[in-house]
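What follows is data_29.cif (mmCIF, C-alpha atoms).
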data_final
loop_
_atom_site.label_atom_id
_atom_site.label_comp_id
_atom_site.auth_asym_id
_atom_site.auth_seq_id
_atom_site.Cartn_x
_atom_site.Cartn_y
_atom_site.Cartn_z
CA MET F 1 -25.03 43.61 8.09
CA TYR F 2 -22.95 42.19 5.30
CA ALA F 3 -23.49 45.80 4.35
CA GLN F 4 -23.19 47.92 7.50
CA LEU F 5 -23.21 51.70 7.61
CA VAL F 6 -24.13 52.21 3.97
CA LYS F 7 -24.15 55.93 3.30
CA SER F 8 -27.50 57.05 1.94
CA ASP F 9 -29.46 60.24 1.23
CA ALA F 10 -31.88 61.89 3.64
CA ILE F 11 -35.47 60.89 2.95
CA LYS F 12 -37.41 63.03 0.49
CA SER F 13 -41.00 63.98 1.17
CA ARG F 14 -43.60 63.44 -1.52
CA GLU F 15 -43.98 67.19 -2.10
CA ASP F 16 -40.26 67.54 -2.80
CA MET F 17 -40.25 64.77 -5.39
CA SER F 18 -40.17 65.38 -9.13
CA PRO F 19 -43.00 63.73 -11.14
CA GLU F 20 -40.52 61.01 -12.19
CA GLU F 21 -39.48 60.38 -8.59
CA ARG F 22 -43.11 60.20 -7.53
CA ALA F 23 -43.92 57.67 -10.26
CA PHE F 24 -40.86 55.67 -9.22
CA GLN F 25 -41.88 55.66 -5.54
CA ASP F 26 -45.39 54.51 -6.56
CA ARG F 27 -43.92 51.54 -8.40
CA VAL F 28 -41.80 50.61 -5.36
CA ASP F 29 -44.80 51.01 -3.04
CA ALA F 30 -46.89 48.78 -5.32
CA GLY F 31 -44.26 46.05 -4.93
CA GLU F 32 -43.08 46.26 -8.54
CA LYS F 33 -39.48 45.28 -9.25
CA ILE F 34 -37.17 47.94 -10.67
CA GLU F 35 -35.07 46.64 -13.56
CA PRO F 36 -31.68 47.92 -14.84
CA LYS F 37 -33.05 49.88 -17.83
CA ASP F 38 -35.89 51.51 -15.86
CA TRP F 39 -35.64 55.13 -14.76
CA MET F 40 -34.40 55.45 -11.16
CA PRO F 41 -33.35 58.35 -8.91
CA GLU F 42 -29.58 58.86 -8.86
CA GLY F 43 -29.58 58.41 -5.05
CA TYR F 44 -31.24 55.00 -5.41
CA ARG F 45 -28.60 53.89 -7.90
CA LYS F 46 -25.71 55.20 -5.81
CA THR F 47 -26.94 53.71 -2.55
CA LEU F 48 -27.49 50.35 -4.23
CA VAL F 49 -23.99 50.34 -5.73
CA ARG F 50 -22.56 51.00 -2.25
CA GLN F 51 -24.74 48.41 -0.55
CA ILE F 52 -24.43 45.62 -3.12
CA GLY F 53 -20.72 46.36 -3.55
CA GLN F 54 -20.12 46.17 0.20
CA HIS F 55 -22.11 42.96 0.33
CA ALA F 56 -20.09 41.45 -2.54
CA HIS F 57 -16.79 42.47 -0.90
CA SER F 58 -17.91 40.80 2.34
CA GLU F 59 -18.53 37.54 0.50
CA ILE F 60 -15.05 37.35 -0.96
CA VAL F 61 -13.15 38.71 2.06
CA GLY F 62 -15.22 36.26 4.10
CA GLN F 63 -13.43 33.45 2.31
CA LEU F 64 -10.14 34.36 3.98
CA PRO F 65 -10.73 33.49 7.67
CA GLU F 66 -12.18 30.11 6.64
CA GLY F 67 -9.74 29.40 3.82
CA ASN F 68 -7.06 29.25 6.49
CA TRP F 69 -8.66 26.10 7.93
CA ILE F 70 -9.22 24.10 4.74
CA THR F 71 -5.81 22.43 4.98
CA ARG F 72 -6.21 22.00 8.74
CA ALA F 73 -9.66 20.41 8.83
CA PRO F 74 -9.80 17.41 11.19
CA THR F 75 -11.18 14.91 8.62
CA LEU F 76 -11.29 14.58 4.85
CA GLU F 77 -15.08 14.94 4.95
CA ARG F 78 -14.93 18.20 6.96
CA LYS F 79 -12.28 19.44 4.54
CA ALA F 80 -14.46 18.73 1.48
CA ILE F 81 -17.44 20.43 3.17
CA LEU F 82 -15.47 23.53 4.14
CA LEU F 83 -13.99 23.72 0.65
CA ALA F 84 -17.51 23.61 -0.83
CA LYS F 85 -18.67 26.36 1.53
CA VAL F 86 -15.74 28.63 0.74
CA GLN F 87 -16.35 28.01 -2.98
CA ASP F 88 -19.99 29.02 -2.46
CA GLU F 89 -18.83 32.35 -0.99
CA ALA F 90 -16.88 33.08 -4.18
CA GLY F 91 -20.06 32.35 -6.14
CA HIS F 92 -22.09 34.66 -3.87
CA GLY F 93 -19.56 37.41 -4.49
CA LEU F 94 -19.93 36.82 -8.21
CA TYR F 95 -23.76 36.99 -8.15
CA LEU F 96 -23.58 40.28 -6.24
CA TYR F 97 -20.88 41.89 -8.38
CA SER F 98 -23.02 40.97 -11.41
CA ALA F 99 -26.03 42.67 -9.81
CA ALA F 100 -23.94 45.78 -9.07
CA GLU F 101 -22.67 45.82 -12.66
CA THR F 102 -26.22 46.26 -13.97
CA LEU F 103 -26.08 49.71 -12.27
CA GLY F 104 -23.25 50.94 -14.47
CA VAL F 105 -20.11 50.10 -12.47
CA SER F 106 -17.64 47.42 -13.49
CA ARG F 107 -16.45 44.62 -11.24
CA ASP F 108 -12.83 45.69 -11.60
CA GLU F 109 -13.76 49.23 -10.52
CA LEU F 110 -15.44 47.86 -7.41
CA LEU F 111 -12.46 45.61 -6.64
CA GLU F 112 -10.13 48.57 -7.06
CA LYS F 113 -12.20 50.48 -4.49
CA LEU F 114 -12.04 47.55 -2.08
CA HIS F 115 -8.29 47.19 -2.51
CA SER F 116 -7.63 50.89 -2.03
CA GLY F 117 -9.80 50.98 1.10
CA LYS F 118 -12.44 53.29 -0.43
CA MET F 119 -15.14 50.64 0.01
CA LYS F 120 -15.76 48.54 3.12
CA TYR F 121 -16.65 44.95 3.87
CA SER F 122 -18.37 43.55 6.97
CA SER F 123 -16.56 44.19 10.27
CA ILE F 124 -16.91 40.52 11.25
CA PHE F 125 -14.14 39.34 8.93
CA ASN F 126 -11.57 41.42 10.76
CA TYR F 127 -11.62 38.99 13.67
CA PRO F 128 -9.17 36.07 13.75
CA THR F 129 -10.15 32.41 13.44
CA LEU F 130 -7.88 30.78 16.00
CA ASN F 131 -8.87 27.12 15.94
CA TRP F 132 -11.24 24.56 14.42
CA ALA F 133 -14.09 25.44 16.79
CA ASP F 134 -14.10 28.89 15.16
CA MET F 135 -15.20 27.23 11.90
CA GLY F 136 -18.25 26.03 13.80
CA ALA F 137 -18.92 29.41 15.39
CA VAL F 138 -18.49 31.26 12.10
CA GLY F 139 -20.87 28.98 10.21
CA TRP F 140 -23.45 28.94 12.98
CA LEU F 141 -23.36 32.56 14.16
CA VAL F 142 -21.90 34.58 11.29
CA ASP F 143 -23.75 32.82 8.48
CA GLY F 144 -26.78 32.67 10.77
CA ALA F 145 -26.71 36.45 11.18
CA ALA F 146 -26.17 36.86 7.43
CA ILE F 147 -29.25 34.74 6.67
CA MET F 148 -31.32 36.89 9.03
CA ASN F 149 -30.54 39.89 6.83
CA GLN F 150 -30.62 38.17 3.47
CA VAL F 151 -33.99 36.44 3.75
CA PRO F 152 -35.98 39.72 3.81
CA LEU F 153 -33.71 41.18 1.11
CA GLN F 154 -35.09 38.61 -1.32
CA ARG F 155 -38.06 41.03 -1.47
CA THR F 156 -35.92 44.08 -2.19
CA SER F 157 -37.17 46.44 -4.93
CA TYR F 158 -34.21 46.08 -7.28
CA GLY F 159 -34.74 43.04 -9.52
CA PRO F 160 -31.12 41.88 -10.06
CA TYR F 161 -30.34 42.28 -6.32
CA SER F 162 -33.46 40.37 -5.35
CA ARG F 163 -32.63 37.52 -7.74
CA ALA F 164 -29.06 37.33 -6.40
CA MET F 165 -30.44 37.14 -2.85
CA ILE F 166 -32.85 34.34 -3.74
CA ARG F 167 -29.99 32.30 -5.18
CA ILE F 168 -27.74 33.05 -2.19
CA CYS F 169 -30.39 32.16 0.41
CA LYS F 170 -30.89 28.77 -1.23
CA GLU F 171 -27.24 27.98 -0.60
CA GLU F 172 -26.67 29.79 2.70
CA SER F 173 -28.68 27.43 4.85
CA PHE F 174 -26.11 24.70 4.19
CA HIS F 175 -23.45 27.05 5.57
CA GLN F 176 -25.19 27.60 8.86
CA ARG F 177 -26.03 23.94 9.32
CA GLN F 178 -22.47 22.78 8.62
CA GLY F 179 -21.31 25.24 11.29
CA TYR F 180 -23.86 24.00 13.81
CA SER F 181 -22.86 20.43 13.01
CA ILE F 182 -19.23 21.27 13.92
CA MET F 183 -20.46 22.90 17.14
CA MET F 184 -22.52 19.80 18.05
CA LYS F 185 -19.55 17.53 17.49
CA MET F 186 -17.38 19.68 19.74
CA ALA F 187 -19.93 20.59 22.41
CA PHE F 188 -20.83 16.91 22.87
CA GLY F 189 -17.19 15.77 22.65
CA THR F 190 -14.44 15.76 25.29
CA PRO F 191 -14.40 18.46 28.00
CA GLU F 192 -11.51 20.10 26.12
CA GLN F 193 -13.55 20.17 22.91
CA LYS F 194 -16.53 21.64 24.72
CA GLU F 195 -14.28 24.30 26.21
CA MET F 196 -13.04 25.20 22.72
CA ALA F 197 -16.64 25.50 21.49
CA GLN F 198 -17.52 27.77 24.44
CA ASP F 199 -14.41 29.88 23.86
CA ALA F 200 -15.27 30.29 20.16
CA MET F 201 -18.81 31.34 21.10
CA ASN F 202 -17.44 33.84 23.65
CA ARG F 203 -15.26 35.47 21.02
CA PHE F 204 -17.81 35.54 18.19
CA TRP F 205 -21.03 36.45 20.02
CA TYR F 206 -20.61 40.24 20.18
CA PRO F 207 -18.91 40.61 16.78
CA ALA F 208 -21.88 38.66 15.35
CA LEU F 209 -24.32 41.10 17.02
CA MET F 210 -22.35 43.99 15.49
CA MET F 211 -22.97 42.58 12.01
CA PHE F 212 -26.45 44.13 12.04
CA GLY F 213 -24.96 47.62 12.26
CA PRO F 214 -25.43 50.35 14.90
CA SER F 215 -28.54 50.68 17.00
CA ASP F 216 -31.55 52.25 15.25
CA LYS F 217 -31.24 55.36 17.40
CA ASP F 218 -27.72 55.96 15.97
CA SER F 219 -28.37 54.66 12.48
CA VAL F 220 -28.50 57.61 10.10
CA HIS F 221 -30.50 57.78 6.92
CA SER F 222 -31.96 54.30 6.95
CA ALA F 223 -35.42 55.85 6.39
CA GLN F 224 -34.73 56.57 2.70
CA SER F 225 -33.37 53.07 2.12
CA MET F 226 -36.46 51.60 3.76
CA ALA F 227 -38.77 53.77 1.63
CA TRP F 228 -36.95 52.48 -1.45
CA LYS F 229 -37.14 48.90 -0.13
CA ILE F 230 -33.43 48.33 -0.36
CA LYS F 231 -33.49 47.84 3.37
CA ILE F 232 -36.46 45.88 4.69
CA ASN F 233 -35.99 45.71 8.48
CA THR F 234 -34.20 47.97 10.94
CA ASN F 235 -30.88 46.91 12.47
CA ASP F 236 -32.41 46.40 15.93
CA GLU F 237 -35.34 44.34 14.60
CA LEU F 238 -32.96 41.91 12.90
CA ARG F 239 -30.59 41.77 15.89
CA GLN F 240 -33.50 40.93 18.20
CA LYS F 241 -34.70 38.22 15.84
CA PHE F 242 -31.21 36.75 15.68
CA VAL F 243 -30.88 36.61 19.48
CA ASN F 244 -34.33 35.05 19.85
CA GLU F 245 -33.48 32.28 17.42
CA THR F 246 -29.92 31.67 18.61
CA VAL F 247 -30.49 31.34 22.38
CA PRO F 248 -32.35 27.99 22.17
CA GLN F 249 -29.72 26.69 19.74
CA ALA F 250 -26.98 27.54 22.27
CA GLU F 251 -29.01 25.93 25.05
CA TYR F 252 -29.24 22.69 23.07
CA LEU F 253 -25.45 22.68 22.75
CA GLY F 254 -25.10 23.32 26.49
CA LEU F 255 -23.14 26.49 25.79
CA THR F 256 -23.54 29.72 27.74
CA ILE F 257 -24.14 32.99 25.93
CA PRO F 258 -21.52 35.40 27.28
CA ASP F 259 -24.04 37.95 28.52
CA GLU F 260 -25.17 38.09 32.15
CA ASN F 261 -28.04 40.40 31.22
CA LEU F 262 -29.57 37.89 28.85
CA ALA F 263 -33.13 37.16 30.05
CA TRP F 264 -36.48 36.26 28.52
CA ASN F 265 -38.85 39.20 28.44
CA GLU F 266 -42.41 37.89 28.54
CA GLU F 267 -43.89 41.24 27.58
CA LYS F 268 -41.99 41.72 24.34
CA GLN F 269 -41.86 37.96 23.68
CA GLY F 270 -38.13 38.19 23.11
CA TYR F 271 -34.83 38.20 24.98
CA ASP F 272 -33.31 41.23 26.64
CA PHE F 273 -29.60 41.32 25.95
CA SER F 274 -26.52 43.55 26.22
CA GLU F 275 -25.49 45.73 23.34
CA PRO F 276 -22.06 45.09 21.88
CA ASP F 277 -19.28 47.60 22.51
CA TRP F 278 -20.00 50.12 19.77
CA SER F 279 -16.69 51.92 20.18
CA GLU F 280 -14.97 48.65 19.24
CA PHE F 281 -17.28 48.38 16.22
CA PHE F 282 -16.38 51.85 14.94
CA GLU F 283 -12.67 51.16 15.47
CA VAL F 284 -12.91 47.95 13.40
CA ILE F 285 -14.82 49.80 10.66
CA LYS F 286 -12.12 52.48 10.64
CA GLY F 287 -9.50 49.83 9.94
CA ASN F 288 -8.21 49.18 13.44
CA GLY F 289 -9.64 45.71 14.06
CA PRO F 290 -7.39 42.75 14.91
CA CYS F 291 -7.07 41.56 11.27
CA ASN F 292 -7.97 44.49 8.97
CA ARG F 293 -4.48 44.85 7.57
CA GLU F 294 -3.93 41.13 7.14
CA ARG F 295 -7.25 40.58 5.33
CA LEU F 296 -6.89 43.45 2.91
CA GLY F 297 -3.23 42.57 2.36
CA ASP F 298 -4.14 38.96 1.49
CA ARG F 299 -6.89 40.17 -0.82
CA VAL F 300 -4.61 42.55 -2.73
CA LYS F 301 -1.87 39.93 -2.92
CA ALA F 302 -4.25 37.34 -4.37
CA TRP F 303 -5.41 39.85 -7.00
CA GLU F 304 -1.87 40.86 -7.96
CA ASP F 305 -0.50 37.31 -7.93
CA GLY F 306 -3.33 36.28 -10.28
CA ALA F 307 -2.62 39.03 -12.82
CA TRP F 308 -0.32 36.89 -15.00
CA PHE F 309 -3.03 34.24 -15.20
CA ARG F 310 -5.77 36.68 -16.21
CA ASP F 311 -3.42 38.24 -18.76
CA GLY F 312 -2.49 34.80 -20.11
CA LEU F 313 -6.11 33.84 -20.65
CA ASN F 314 -6.72 37.19 -22.39
CA ALA F 315 -3.74 36.65 -24.69
CA TYR F 316 -4.90 33.11 -25.51
CA ALA F 317 -8.44 34.32 -26.27
CA GLU F 318 -7.10 37.07 -28.57
CA ARG F 319 -4.82 34.69 -30.49
CA ALA F 320 -7.59 32.12 -30.88
CA ALA F 321 -9.90 34.83 -32.26
CA GLU F 322 -7.15 35.90 -34.70
CA ARG F 323 -6.66 32.31 -35.85
CA ARG F 324 -10.40 31.97 -36.46
CA ARG F 325 -10.43 35.18 -38.49
CA ALA F 326 -7.44 34.02 -40.55
CA ALA F 327 -9.04 30.62 -41.17
CA SER F 328 -12.31 32.18 -42.35
CA VAL F 329 -10.40 34.52 -44.72
CA ALA F 330 -8.43 31.56 -46.14
CA ALA F 331 -11.64 29.62 -46.72
CA GLU F 332 -13.20 32.41 -48.78
CA MET M 1 -0.69 44.68 -14.06
CA SER M 2 -3.35 44.21 -16.69
CA LYS M 3 -6.10 46.78 -17.00
CA LYS M 4 -8.09 44.80 -19.53
CA GLU M 5 -11.32 43.47 -18.11
CA TRP M 6 -12.71 40.11 -19.19
CA PRO M 7 -15.94 40.58 -21.19
CA LEU M 8 -19.34 39.79 -19.68
CA TRP M 9 -21.36 36.71 -20.68
CA GLU M 10 -24.98 35.77 -20.04
CA VAL M 11 -25.49 32.18 -18.89
CA PHE M 12 -28.42 29.90 -19.77
CA ILE M 13 -28.89 26.48 -18.17
CA ARG M 14 -31.20 23.59 -19.08
CA GLY M 15 -32.31 21.57 -16.08
CA GLN M 16 -32.76 17.82 -16.01
CA HIS M 17 -36.40 17.64 -16.95
CA GLY M 18 -36.31 18.63 -20.60
CA LEU M 19 -37.33 22.25 -20.06
CA ASN M 20 -35.94 25.21 -22.01
CA HIS M 21 -32.58 26.74 -21.26
CA ARG M 22 -33.22 29.47 -18.71
CA HIS M 23 -31.25 32.61 -18.00
CA VAL M 24 -29.53 32.15 -14.62
CA GLY M 25 -27.10 35.07 -14.45
CA SER M 26 -23.92 36.44 -15.90
CA LEU M 27 -20.16 36.18 -15.45
CA HIS M 28 -16.84 37.44 -16.78
CA ALA M 29 -14.57 35.25 -18.91
CA PRO M 30 -11.89 35.84 -21.56
CA ASP M 31 -13.56 33.58 -24.15
CA ALA M 32 -16.54 31.28 -24.72
CA GLU M 33 -14.71 28.15 -23.61
CA MET M 34 -13.71 29.69 -20.27
CA ALA M 35 -17.20 31.15 -19.91
CA ILE M 36 -18.60 27.60 -20.08
CA ASN M 37 -16.03 26.43 -17.53
CA HIS M 38 -16.88 29.26 -15.16
CA ALA M 39 -20.61 28.76 -15.66
CA ARG M 40 -20.19 25.10 -14.75
CA ASP M 41 -18.38 26.08 -11.53
CA VAL M 42 -20.71 28.91 -10.56
CA TYR M 43 -24.17 27.84 -11.69
CA THR M 44 -24.26 24.01 -11.64
CA ARG M 45 -22.65 23.06 -8.32
CA ARG M 46 -25.87 21.48 -7.10
CA LYS M 47 -26.97 19.57 -10.17
CA GLU M 48 -28.92 22.54 -11.55
CA GLY M 49 -28.34 21.59 -15.16
CA VAL M 50 -27.31 19.25 -17.96
CA SER M 51 -26.57 21.82 -20.65
CA ILE M 52 -25.07 25.32 -20.70
CA TRP M 53 -25.31 28.16 -23.22
CA VAL M 54 -23.19 31.29 -22.95
CA VAL M 55 -23.77 34.45 -24.98
CA PRO M 56 -21.67 37.65 -24.98
CA SER M 57 -23.81 40.20 -23.08
CA LYS M 58 -23.10 42.86 -25.70
CA GLU M 59 -24.79 40.67 -28.34
CA ILE M 60 -28.14 40.79 -26.55
CA THR M 61 -30.71 43.22 -27.87
CA ALA M 62 -33.41 44.08 -25.35
CA SER M 63 -36.76 45.79 -25.72
CA SER M 64 -36.83 49.23 -24.18
CA PRO M 65 -38.85 49.89 -20.99
CA SER M 66 -40.41 52.96 -22.66
CA GLU M 67 -41.93 50.68 -25.31
CA LYS M 68 -43.64 48.54 -22.70
CA GLY M 69 -47.06 50.05 -23.46
CA PRO M 70 -47.13 49.69 -27.26
CA LEU M 71 -45.52 46.25 -27.09
CA PHE M 72 -47.51 44.53 -24.38
CA ASP M 73 -50.74 46.43 -23.76
CA PRO M 74 -52.52 45.11 -26.90
CA ALA M 75 -52.53 41.60 -25.38
CA GLU M 76 -54.63 42.83 -22.46
CA SER M 77 -57.90 43.20 -24.42
CA LYS M 78 -57.64 39.83 -26.15
CA THR M 79 -58.94 37.50 -23.51
CA TYR M 80 -60.46 35.33 -26.28
CA ARG M 81 -56.98 33.97 -26.82
CA HIS M 82 -57.44 31.92 -23.66
CA PRO M 83 -59.52 28.72 -23.66
CA THR M 84 -61.42 29.80 -20.53
CA PHE M 85 -63.04 32.62 -22.58
CA PHE M 86 -65.46 30.10 -24.10
CA ASP M 87 -68.23 28.44 -22.12
CA ILE M 88 -68.76 24.89 -23.30
CA PRO M 89 -71.95 23.18 -22.01
CA GLU M 90 -71.33 20.38 -19.55
CA GLU M 91 -73.23 17.86 -21.71
CA VAL M 92 -70.53 18.18 -24.36
CA GLY M 93 -68.05 16.59 -21.98
CA LYS M 94 -64.35 17.22 -21.61
CA MET M 95 -62.82 19.53 -24.22
#
Represent the structure contained in this file as structure tokens.
Amino acid sequence: MYAQLVKSDAIKSREDMSPEERAFQDRVDAGEKIEPKDWMPEGYRKTLVRQIGQHAHSEIVGQLPEGNWITRAPTLERKAILLAKVQDEAGHGLYLYSAAETLGVSRDELLEKLHSGKMKYSSIFNYPTLNWADMGAVGWLVDGAAIMNQVPLQRTSYGPYSRAMIRICKEESFHQRQGYSIMMKMAFGTPEQKEMAQDAMNRFWYPALMMFGPSDKDSVHSAQSMAWKIKINTNDELRQKFVNETVPQAEYLGLTIPDENLAWNEEKQGYDFSEPDWSEFFEVIKGNGPCNRERLGDRVKAWEDGAWFRDGLNAYAERAAERRRAASVAAE
Amino acid sequence: MSKKEWPLWEVFIRGQHGLNHRHVGSLHAPDAEMAINHARDVYTRRKEGVSIWVVPSKEITASSPSEKGPLFDPAESKTYRHPTFFDIPEEVGKM
């Protein structure tokens, strides 16, 4: 979801496992947490670096579509709230990069891979945010979908990842609620405001459904990730759960979900709904979404424009350390 | 463009109720002063603490997972270290 299409190994049967791998799988099965210095299969480490890295990238690229609206927020209060939310996303990126770093990659390496296009971020952030109602739709639907994925990941087998998720989930609920609060204001406002809210929902509904990744029948290699407990639920399970929870919230707002096939299914105790256009999804992942170039361009520009500042702080830290050394020599 | 990465720091925060500083996570910063500034921004946005410690990650020495047995197993057989090991007759009263 925030990590879609994470490449992973094919699942290994117990007979094919080495004694170390078997002992490792037993620990995971027993619900023990794996910590950075523990032995782990190379595939586990690699898949986690990809997944946590992708997740971290999504957090910081996710700042961009919302950052655009900080200076355009309708009131000072909304501005302060949005600023706090966008700041949270930077923090979430930091927690996740830190978790990835315990696996032997550096944050700068991961950023380099993001900037050169070798690593991905969630497809959702390649859609434009056209007006203020989109801030509501993003908070409500996009953060809502993210929570759906992140809550179970608090139980993931890798200790540092699990702890990052626990911290993130504590803060994420504020994000969804602030989005819903914007939607309420607009849906219960003037007819024009309500129309904007409906339009935002129309544009974000299917991209939000895509966040969970391809359908289980097309989702390769998730079996190994599930056996390792770095993926807890299947894509379709989470998507279904998201639809079930979101429909009543849309009804309360008086908004229509843009899906004529949406209907309650008594038998499965859930809604039937239309799948998103998966060809669009794969195009966006490939780099051909409406905003891919703009987002990555902004990201790289921010990193390059900040270089003088990072260098300056480094130079200051080095000089200060030199001065301290000189002072301690003089005192001797 | 600079290739030099800021070093990693471990962050410890003491909450409001007089408990110990607790490890909350890590971050990158060029020096201790900036590490405190970053820690304040990242880890105390919701009144999580009243005091911050930062320690360079490379200065931390950790026990090795392979020593887990010799280090921690001996405590398992020493249940007499816990007060509940001893039965005190009810007549004696609260102890």
At most 8 Å to chain M: residues in chain F, all atoms listed in the file, as a PyMOL selection string: chain F and resi 37-38+91+94-95+98+108+304+307-308+310-311+313-314+317
Surrounding residues of stretch 11-14 of chain M excluding itself and chain neighbours under 3 positions, 7 Å, all atoms listed in the file, as a PyMOL selection string: chain M and resi 19-26+39+49-55
Selection result for the PyMOL selection byres ((chain F and resi 7-16) around 6) on this file, as a PyMOL selection string: chain F and resi 6+17+47+221+224
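What separates atom CA of F:Arg293 from atom CA of F:Asn202 is a distance of 23.4 Å.
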Point-to-point distance from atom CA of F:Pro290 to atom CA of F:Val49, Å rounded to tenths: 27.6 Å
Two-atom distance - atom CA of F:Arg295, atom CA of F:Trp205 (Å): 20.6 Å
Starting from the shown file, work through the PyMOL selection byres ((chain F and resi 252-265) around 10) and note down what comes out as a short mmCIF file (atom, residue, chain, number, x, y, z; two decimals) with C-alpha atoms, keeping the file's coordinate frame.
data_model
loop_
_atom_site.label_atom_id
_atom_site.label_comp_id
_atom_site.auth_asym_id
_atom_site.auth_seq_id
_atom_site.Cartn_x
_atom_site.Cartn_y
_atom_site.Cartn_z
CA TYR F 180 -23.86 24.00 13.81
CA MET F 183 -20.46 22.90 17.14
CA MET F 184 -22.52 19.80 18.05
CA LYS F 185 -19.55 17.53 17.49
CA MET F 186 -17.38 19.68 19.74
CA ALA F 187 -19.93 20.59 22.41
CA PHE F 188 -20.83 16.91 22.87
CA LYS F 194 -16.53 21.64 24.72
CA GLU F 195 -14.28 24.30 26.21
CA ALA F 197 -16.64 25.50 21.49
CA GLN F 198 -17.52 27.77 24.44
CA ASP F 199 -14.41 29.88 23.86
CA MET F 201 -18.81 31.34 21.10
CA ASN F 202 -17.44 33.84 23.65
CA ARG F 203 -15.26 35.47 21.02
CA PHE F 204 -17.81 35.54 18.19
CA TRP F 205 -21.03 36.45 20.02
CA TYR F 206 -20.61 40.24 20.18
CA VAL F 243 -30.88 36.61 19.48
CA ASN F 244 -34.33 35.05 19.85
CA THR F 246 -29.92 31.67 18.61
CA VAL F 247 -30.49 31.34 22.38
CA PRO F 248 -32.35 27.99 22.17
CA GLN F 249 -29.72 26.69 19.74
CA ALA F 250 -26.98 27.54 22.27
CA GLU F 251 -29.01 25.93 25.05
CA GLU F 266 -42.41 37.89 28.54
CA GLU F 267 -43.89 41.24 27.58
CA LYS F 268 -41.99 41.72 24.34
CA GLN F 269 -41.86 37.96 23.68
CA GLY F 270 -38.13 38.19 23.11
CA TYR F 271 -34.83 38.20 24.98
CA ASP F 272 -33.31 41.23 26.64
CA PHE F 273 -29.60 41.32 25.95
CA SER F 274 -26.52 43.55 26.22
CA GLU F 275 -25.49 45.73 23.34
CA PRO F 276 -22.06 45.09 21.88
#
Matched chain/residue IDs from the PyMOL selection byres ((chain F and resi 277-286) around 10), as a list in words: Gln4, Leu5, Gly117, Lys120, Tyr121, Ser122, Ser123, Ile124, Phe125, Asn126, Tyr127, Tyr206, Pro207, Leu209, Met210, Met211, Gly213, Pro214, Ser215, Ser274, Glu275, Pro276, Gly287, Asn288, Gly289, Pro290, Cys291 and Asn292 of chain F
Assuming 8 Å of padding per side, give the centre and edge lengths of the axis-aligned box around every listed atom of stretch 76-92 of chain F, in Å to one decimal and as JSON.
{"center_x": -16.7, "center_y": 24.6, "center_z": 0.4, "size_x": 26.8, "size_y": 36.1, "size_z": 29.1}
Selection near stretch 76-90 of chain F, 7 Å with all atoms listed in the file, sequence-local residues under 4 positions removed, as a PyMOL selection string: chain F and resi 59-60+63+67+70+94+175
Polymer residues at most 12 Å from F:Cys169, only C-alpha atoms, same-chain spacing of 6 or more positions, as a ChimeraX atom specification: /F:88-89,92,95,143-144,146-155,162-163,175-176
